[in-house]
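Visitor: Contents of final29.cif (mmCIF, C-alpha atoms) are given next:
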data_my_file
loop_
_atom_site.label_atom_id
_atom_site.label_comp_id
_atom_site.auth_asym_id
_atom_site.auth_seq_id
_atom_site.Cartn_x
_atom_site.Cartn_y
_atom_site.Cartn_z
CA MET A 1 -59.83 -53.30 -63.56
CA ALA A 2 -61.14 -54.96 -66.70
CA ASN A 3 -59.36 -57.08 -69.28
CA MET A 4 -56.32 -57.55 -67.11
CA GLN A 5 -53.13 -59.18 -68.32
CA VAL A 6 -51.41 -61.24 -65.65
CA LEU A 7 -47.98 -62.87 -65.47
CA ILE A 8 -47.75 -65.90 -63.17
CA VAL A 9 -44.24 -67.12 -62.37
CA ASP A 10 -43.93 -70.50 -60.67
CA ASP A 11 -41.98 -73.65 -61.49
CA SER A 12 -45.08 -75.71 -60.75
CA SER A 13 -47.59 -75.78 -63.61
CA VAL A 14 -50.24 -76.90 -61.12
CA MET A 15 -49.59 -73.87 -58.95
CA ARG A 16 -49.77 -71.54 -61.96
CA LYS A 17 -53.19 -72.94 -62.78
CA ILE A 18 -54.32 -72.68 -59.15
CA VAL A 19 -53.23 -69.06 -58.97
CA GLU A 20 -55.09 -68.26 -62.19
CA ARG A 21 -58.19 -70.05 -60.92
CA SER A 22 -58.01 -68.21 -57.59
CA LEU A 23 -57.69 -64.85 -59.34
CA ARG A 24 -60.79 -65.57 -61.40
CA GLN A 25 -62.64 -66.77 -58.29
CA ALA A 26 -61.64 -63.51 -56.62
CA GLY A 27 -63.55 -61.71 -59.35
CA LEU A 28 -60.70 -60.36 -61.44
CA ASP A 29 -61.56 -59.75 -65.08
CA ILE A 30 -58.62 -61.47 -66.74
CA ALA A 31 -58.17 -61.23 -70.47
CA ARG A 32 -54.87 -63.06 -70.74
CA VAL A 33 -52.50 -65.00 -68.52
CA PHE A 34 -48.82 -65.29 -69.31
CA GLU A 35 -46.95 -68.10 -67.59
CA ALA A 36 -43.27 -68.57 -66.77
CA GLY A 37 -41.49 -71.40 -64.96
CA ASN A 38 -38.75 -69.23 -63.43
CA GLY A 39 -37.45 -65.69 -63.27
CA ALA A 40 -35.44 -65.93 -66.48
CA GLU A 41 -38.48 -67.10 -68.44
CA ALA A 42 -40.52 -64.31 -66.88
CA LEU A 43 -38.00 -61.68 -67.99
CA ALA A 44 -38.22 -63.13 -71.51
CA VAL A 45 -42.01 -62.82 -71.40
CA LEU A 46 -41.74 -59.19 -70.31
CA ARG A 47 -39.51 -58.35 -73.28
CA ASP A 48 -42.59 -58.68 -75.49
CA ALA A 49 -45.59 -58.37 -73.20
CA LYS A 50 -47.01 -55.70 -70.96
CA VAL A 51 -48.95 -56.97 -67.96
CA ASP A 52 -51.00 -55.39 -65.18
CA ILE A 53 -49.71 -57.51 -62.29
CA ILE A 54 -47.03 -60.15 -61.68
CA LEU A 55 -47.53 -63.00 -59.22
CA CYS A 56 -44.26 -64.73 -58.44
CA ASP A 57 -42.98 -67.70 -56.47
CA ILE A 58 -39.62 -67.38 -54.68
CA ASN A 59 -38.12 -70.86 -54.66
CA MET A 60 -37.55 -71.70 -58.33
CA PRO A 61 -34.69 -73.19 -60.34
CA VAL A 62 -32.55 -71.16 -62.80
CA MET A 63 -33.57 -67.74 -61.43
CA ASP A 64 -35.49 -67.44 -58.17
CA GLY A 65 -38.18 -64.90 -57.42
CA LEU A 66 -36.00 -62.56 -55.39
CA GLU A 67 -33.44 -62.24 -58.18
CA PHE A 68 -36.25 -61.74 -60.68
CA VAL A 69 -37.73 -58.87 -58.65
CA LYS A 70 -34.29 -57.27 -58.32
CA GLN A 71 -33.92 -57.27 -62.11
CA LEU A 72 -37.34 -55.76 -62.84
CA PRO A 73 -36.32 -52.08 -62.57
CA GLY A 74 -34.28 -52.57 -65.74
CA VAL A 75 -37.22 -53.97 -67.68
CA GLU A 76 -39.20 -51.36 -69.60
CA ASN A 77 -42.44 -53.36 -69.67
CA ALA A 78 -42.30 -53.92 -65.90
CA LYS A 79 -42.18 -50.25 -64.91
CA GLY A 80 -44.97 -49.53 -62.45
CA VAL A 81 -46.24 -53.10 -62.56
CA PRO A 82 -46.99 -54.42 -59.06
CA VAL A 83 -45.43 -57.71 -58.00
CA VAL A 84 -46.96 -60.00 -55.40
CA MET A 85 -44.90 -62.89 -54.09
CA ILE A 86 -46.78 -66.17 -53.62
CA THR A 87 -44.67 -68.77 -51.90
CA THR A 88 -44.13 -71.20 -49.06
CA GLU A 89 -40.89 -69.35 -48.28
CA GLY A 90 -42.75 -67.09 -45.89
CA SER A 91 -39.95 -66.29 -43.48
CA GLU A 92 -39.51 -62.74 -42.28
CA GLY A 93 -36.18 -62.44 -44.06
CA HIS A 94 -37.68 -63.42 -47.38
CA VAL A 95 -40.55 -60.98 -46.89
CA VAL A 96 -38.14 -58.15 -46.14
CA GLN A 97 -35.92 -59.04 -49.10
CA ALA A 98 -38.87 -59.26 -51.49
CA LEU A 99 -40.43 -56.01 -50.32
CA SER A 100 -37.06 -54.23 -50.34
CA ALA A 101 -36.51 -55.41 -53.89
CA GLY A 102 -39.80 -53.88 -54.96
CA ALA A 103 -42.52 -56.46 -54.36
CA ARG A 104 -45.79 -54.85 -53.27
CA GLY A 105 -47.35 -57.78 -51.46
CA TYR A 106 -46.91 -61.23 -50.11
CA LEU A 107 -49.16 -64.29 -49.97
CA ARG A 108 -48.26 -67.57 -48.36
CA LYS A 109 -49.20 -70.97 -49.78
CA PRO A 110 -51.57 -72.65 -49.24
CA PHE A 111 -54.08 -69.89 -49.81
CA THR A 112 -57.79 -69.55 -50.42
CA ALA A 113 -59.55 -67.47 -53.05
CA ASP A 114 -60.62 -65.10 -50.26
CA GLN A 115 -57.01 -64.58 -49.22
CA VAL A 116 -56.06 -63.92 -52.83
CA LYS A 117 -58.79 -61.31 -53.00
CA GLU A 118 -57.67 -59.75 -49.72
CA HIS A 119 -54.03 -59.47 -50.85
CA ILE A 120 -54.30 -58.80 -54.58
CA LEU A 121 -57.13 -56.29 -54.88
CA PRO A 122 -55.50 -53.65 -52.62
CA VAL A 123 -52.28 -53.99 -54.60
CA LEU A 124 -54.16 -53.43 -57.85
CA ALA A 125 -55.89 -50.48 -56.27
CA GLY A 126 -52.52 -49.08 -55.24
CA LYS A 127 -53.33 -49.28 -51.55
CA SER A 128 -50.69 -51.75 -50.48
CA MET B 1 -56.40 -75.33 -51.38
CA LEU B 2 -57.53 -78.95 -51.60
CA GLY B 3 -60.90 -78.10 -50.16
CA SER B 4 -60.67 -81.22 -48.03
CA HIS B 5 -60.18 -82.00 -44.40
CA LEU B 6 -57.46 -84.51 -43.59
CA VAL B 7 -58.17 -86.82 -40.70
CA VAL B 8 -55.34 -88.15 -38.58
CA ALA B 9 -55.50 -91.94 -38.80
CA PRO B 10 -56.37 -93.58 -35.49
CA GLU B 11 -53.55 -96.09 -35.94
CA PRO B 12 -50.49 -96.50 -38.21
CA LEU B 13 -51.54 -97.32 -41.75
CA SER B 14 -50.18 -99.95 -44.09
CA GLU B 15 -47.79 -98.58 -46.70
CA GLY B 16 -48.97 -101.11 -49.26
CA GLY B 17 -50.25 -99.51 -52.43
CA LEU B 18 -48.68 -96.14 -51.73
CA ASP B 19 -46.94 -95.89 -55.07
CA MET B 20 -46.21 -92.15 -55.11
CA THR B 21 -43.66 -90.39 -52.91
CA ALA B 22 -42.98 -86.66 -53.00
CA MET B 23 -39.82 -85.42 -51.31
CA VAL B 24 -38.54 -82.00 -50.33
CA GLY B 25 -35.11 -81.64 -48.80
CA LEU B 26 -34.23 -79.21 -46.01
CA ALA B 27 -30.70 -77.87 -45.73
CA GLY B 28 -28.95 -75.36 -43.48
CA MET B 29 -29.69 -74.96 -39.79
CA LEU B 30 -32.04 -77.90 -40.15
CA CYS B 31 -31.15 -80.80 -42.45
CA GLY B 32 -33.46 -83.56 -43.49
CA VAL B 33 -36.21 -84.55 -45.83
CA LEU B 34 -39.98 -84.39 -45.79
CA THR B 35 -41.85 -87.07 -47.69
CA VAL B 36 -45.53 -87.37 -48.53
CA ARG B 37 -46.73 -90.78 -49.74
CA CYS B 38 -50.03 -91.80 -51.24
CA SER B 39 -51.52 -94.01 -53.92
CA SER B 40 -51.66 -92.77 -57.49
CA GLY B 41 -55.45 -92.78 -57.15
CA SER B 42 -55.30 -90.44 -54.17
CA GLY B 43 -52.70 -88.30 -55.91
CA THR B 44 -54.98 -87.94 -58.92
CA ARG B 45 -57.89 -87.03 -56.65
CA MET B 46 -55.77 -84.38 -54.90
CA ALA B 47 -54.69 -82.89 -58.23
CA SER B 48 -58.30 -82.94 -59.36
CA LYS B 49 -59.45 -81.03 -56.28
CA MET B 50 -56.55 -78.56 -56.43
CA LEU B 51 -57.27 -77.69 -60.05
CA GLY B 52 -61.03 -78.02 -59.95
CA VAL B 53 -61.08 -80.42 -62.90
CA ASP B 54 -62.18 -84.02 -63.47
CA SER B 55 -59.81 -86.74 -62.33
CA GLU B 56 -59.18 -87.72 -65.95
CA LYS B 57 -57.94 -84.23 -66.79
CA ALA B 58 -55.85 -84.11 -63.61
CA VAL B 59 -53.76 -87.20 -64.43
CA PRO B 60 -50.96 -85.29 -66.24
CA GLU B 61 -50.66 -82.94 -63.26
CA VAL B 62 -50.43 -85.55 -60.49
CA TRP B 63 -46.65 -85.40 -60.00
CA ASP B 64 -46.58 -81.62 -59.96
CA ALA B 65 -49.55 -81.45 -57.57
CA LEU B 66 -48.10 -83.91 -55.07
CA GLY B 67 -44.72 -82.19 -55.22
CA GLU B 68 -46.36 -78.86 -54.53
CA ILE B 69 -48.30 -80.28 -51.58
CA CYS B 70 -45.05 -81.63 -50.13
CA ASN B 71 -43.41 -78.26 -50.73
CA MET B 72 -46.19 -76.44 -48.88
CA VAL B 73 -46.07 -78.84 -45.93
CA ALA B 74 -42.28 -78.46 -45.69
CA GLY B 75 -42.45 -74.69 -46.03
CA ASN B 76 -45.09 -74.31 -43.39
CA PHE B 77 -43.22 -76.61 -41.02
CA LYS B 78 -40.08 -74.54 -41.49
CA ASN B 79 -41.92 -71.27 -41.00
CA LYS B 80 -43.42 -72.44 -37.74
CA ILE B 81 -40.01 -72.86 -36.14
CA SER B 82 -38.97 -69.54 -34.70
CA GLY B 83 -35.75 -68.17 -36.18
CA MET B 84 -35.49 -70.98 -38.70
CA GLY B 85 -36.91 -69.33 -41.79
CA ASP B 86 -33.81 -67.73 -43.26
CA GLY B 87 -31.38 -70.37 -42.09
CA CYS B 88 -33.10 -73.30 -43.74
CA MET B 89 -33.57 -73.76 -47.47
CA LEU B 90 -35.96 -76.08 -49.23
CA SER B 91 -35.10 -78.08 -52.31
CA VAL B 92 -37.28 -78.19 -55.38
CA PRO B 93 -39.69 -81.15 -54.91
CA THR B 94 -38.95 -84.58 -56.36
CA VAL B 95 -41.66 -87.16 -56.96
CA ILE B 96 -41.00 -90.88 -57.32
CA THR B 97 -43.59 -93.33 -58.62
CA GLY B 98 -43.57 -97.10 -58.73
CA GLY B 99 -44.89 -100.19 -57.05
CA ASP B 100 -41.81 -101.56 -55.35
CA TYR B 101 -39.17 -99.30 -53.88
CA ASN B 102 -37.77 -98.14 -50.57
CA CYS B 103 -36.54 -94.66 -49.67
CA ARG B 104 -33.54 -94.57 -47.38
CA SER B 105 -31.33 -91.58 -46.63
CA LEU B 106 -27.80 -91.72 -45.33
CA GLY B 107 -26.83 -90.67 -41.85
CA HIS B 108 -28.51 -90.93 -38.50
CA ALA B 109 -31.92 -89.39 -38.41
CA ASP B 110 -34.97 -89.12 -36.25
CA THR B 111 -38.19 -89.57 -38.14
CA LEU B 112 -41.64 -88.32 -37.28
CA THR B 113 -44.33 -90.12 -39.24
CA VAL B 114 -47.97 -89.09 -39.30
CA SER B 115 -50.67 -91.06 -41.09
CA PHE B 116 -53.70 -89.28 -42.45
CA LEU B 117 -56.87 -90.24 -44.23
CA PHE B 118 -57.75 -88.25 -47.34
CA GLU B 119 -61.23 -89.22 -48.45
CA GLU B 120 -60.72 -92.41 -46.42
CA LYS B 121 -57.53 -93.27 -48.31
CA PRO B 122 -54.09 -93.29 -46.63
CA VAL B 123 -51.60 -90.45 -46.92
CA ILE B 124 -48.40 -90.73 -44.92
CA ALA B 125 -46.18 -87.75 -44.15
CA ALA B 126 -42.74 -88.32 -42.68
CA LEU B 127 -40.21 -85.76 -41.51
CA GLU B 128 -36.68 -87.07 -41.20
CA ILE B 129 -34.31 -84.75 -39.37
CA HIS B 130 -30.57 -85.33 -39.29
CA GLY B 131 -28.67 -84.50 -36.15
#
Please go through the file and, once you have read it, give me the structure as structure tokens.
Guide:
Amino acid sequence: MANMQVLIVDDSSVMRKIVERSLRQAGLDIARVFEAGNGAEALAVLRDAKVDIILCDINMPVMDGLEFVKQLPGVENAKGVPVVMITTEGSEGHVVQALSAGARGYLRKPFTADQVKEHILPVLAGKS
Amino acid sequence: MLGSHLVVAPEPLSEGGLDMTAMVGLAGMLCGVLTVRCSSGSGTRMASKMLGVDSEKAVPEVWDALGEICNMVAGNFKNKISGMGDGCMLSVPTVITGGDYNCRSLGHADTLTVSFLFEEKPVIAALEIHG
């Protein structure tokens, strides 16, 4: 997919930059990256922007990633947009909750660019 | 993510000069705090390697980077304990900087401290678990 628009949701600005860097290292053709520090900010971004994929942390202040994913079905610009959770909160319960809420994939920190490629590309290809 | 290999220090390291401390609290079935301490120079180097930028450009990101490292260590520790994942929550990381301070939590606790060398500079991780 060329000229992708990506939304990265993480309360750590360092982690947002690392995720973006890893996506580019994985070979994704990214035209624009939108950033949000929590779920509420991400919902605000999606009011105006249409993206191709959302990468989202779970443990964040204000609105966590699970609540954010649960609210996505009501967001017009998020319809059909795959969400991949990227977090240290890699417990089975969190995985089940995130996937039940609509997330399409899951990646645990710390990760390598190869792991990003392995998890993100199938989601973009609709194979997850 | 750091692209570096940490080496366990052969003996306990001096805490002198470790002027950055990142902390992540654990609450629920397991209560305590995980701390990661290092010098600001090492913290800057870690941020630089995480972001793939020069040390100079990494300076504004040092606190965030060290907090995120502490968060990942705490999260992976928690996830390695069978059945613990959903019953233990992590706090958002806090990072303290300064040349002269002590960290002390209330209550009785057992502490596991491990000293590492990151590019030959000390990094000390401590896990304090409350009974």
Visitor: Would you kindly report the residues of chain A within 8 Å of chain B, using all atoms listed in the file, as number ranges by chain?
Guide: A: 12-15, 17-18, 21, 59-61, 88-94, 109-112
Visitor: Suppose a student applies the PyMOL selection byres ((chain B and resi 111) around 8) to this structure; what residues should they get, written as a list in words?
Guide: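 Those residues are Ala109, Asp110, Leu112, Thr113, Ala126, Leu127, Glu128 and Ile129 of chain B.
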Visitor: Could you state the separation of atom CA of Asn102 of chain B and atom CA of Ser55 of chain B in Å, given to one decimal place?
Guide: 27.5 Å
Visitor: On this structure, which residues satisfy the PyMOL selection byres ((chain A and resi 116) around 10), written as a list in words?
Guide: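 Those residues are Val19, Ser22, Leu23, Arg24, Gln25, Ala26, Ile86, Tyr106, Leu107, Arg108, Phe111, Thr112, Ala113, Asp114, Gln115, Lys117, Glu118, His119, Ile120 and Leu121 of chain A.
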Visitor: Please, what distance in Å, to one decimal, runs between atom CA of Ser100 of chain A and atom CA of Pro82 of chain A?
Guide: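 Calculated distance between atom CA of Ser100 of chain A and atom CA of Pro82 of chain A is 13.2 Å.
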Visitor: Would you compute the distance between atom CA of Ala22 of chain B and atom CA of Gly65 of chain A? Give it in Å to one decimal.
Guide: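 Going from atom CA of Ala22 of chain B over to atom CA of Gly65 of chain A, I get 22.7 Å.
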Visitor: I'd like the residues picked by the PyMOL selection byres ((chain A and resi 7) around 8) written out as a list in words, using the chain letters and numbers from the file.
Guide: Gln5, Val6, Ile8, Val9, Val33, Phe34, Glu35, Ala36, Ala42, Val51, Ile53, Ile54 and Leu55 of chain A
Visitor: So which one's closest to Asn77 of chain A, A:Asp29, A:Asp10, A:Asp52, A:Glu41? Using all atoms listed in the file, please.
Guide: A:Asp52
Visitor: Show me, as lines of an AutoDock Vina configuration file, the centre and edge lengths in Å to one decimal of the axis-aligned box that covers every listed atom of segment 70-74 of chain B with 5 Å on each side.
Guide:
center_x = -44.2
center_y = -79.0
center_z = -48.2
size_x = 13.9
size_y = 15.2
size_z = 15.0
Visitor: Give as a count of residues only each residue that has an atom at most 10 Å from (-34.7, -54.5, -70.1) in the file, counting only C-alpha atoms.
Guide: 12
Visitor: Which residues are near Ser42 of chain B? Cut-off 10 Å, only C-alpha atoms, ignore same chain within fewer than 2 positions. Put them as an MDAnalysis selection string.
Guide: chainID B and resid 18 20 37:40 44:48 62 66 118:123
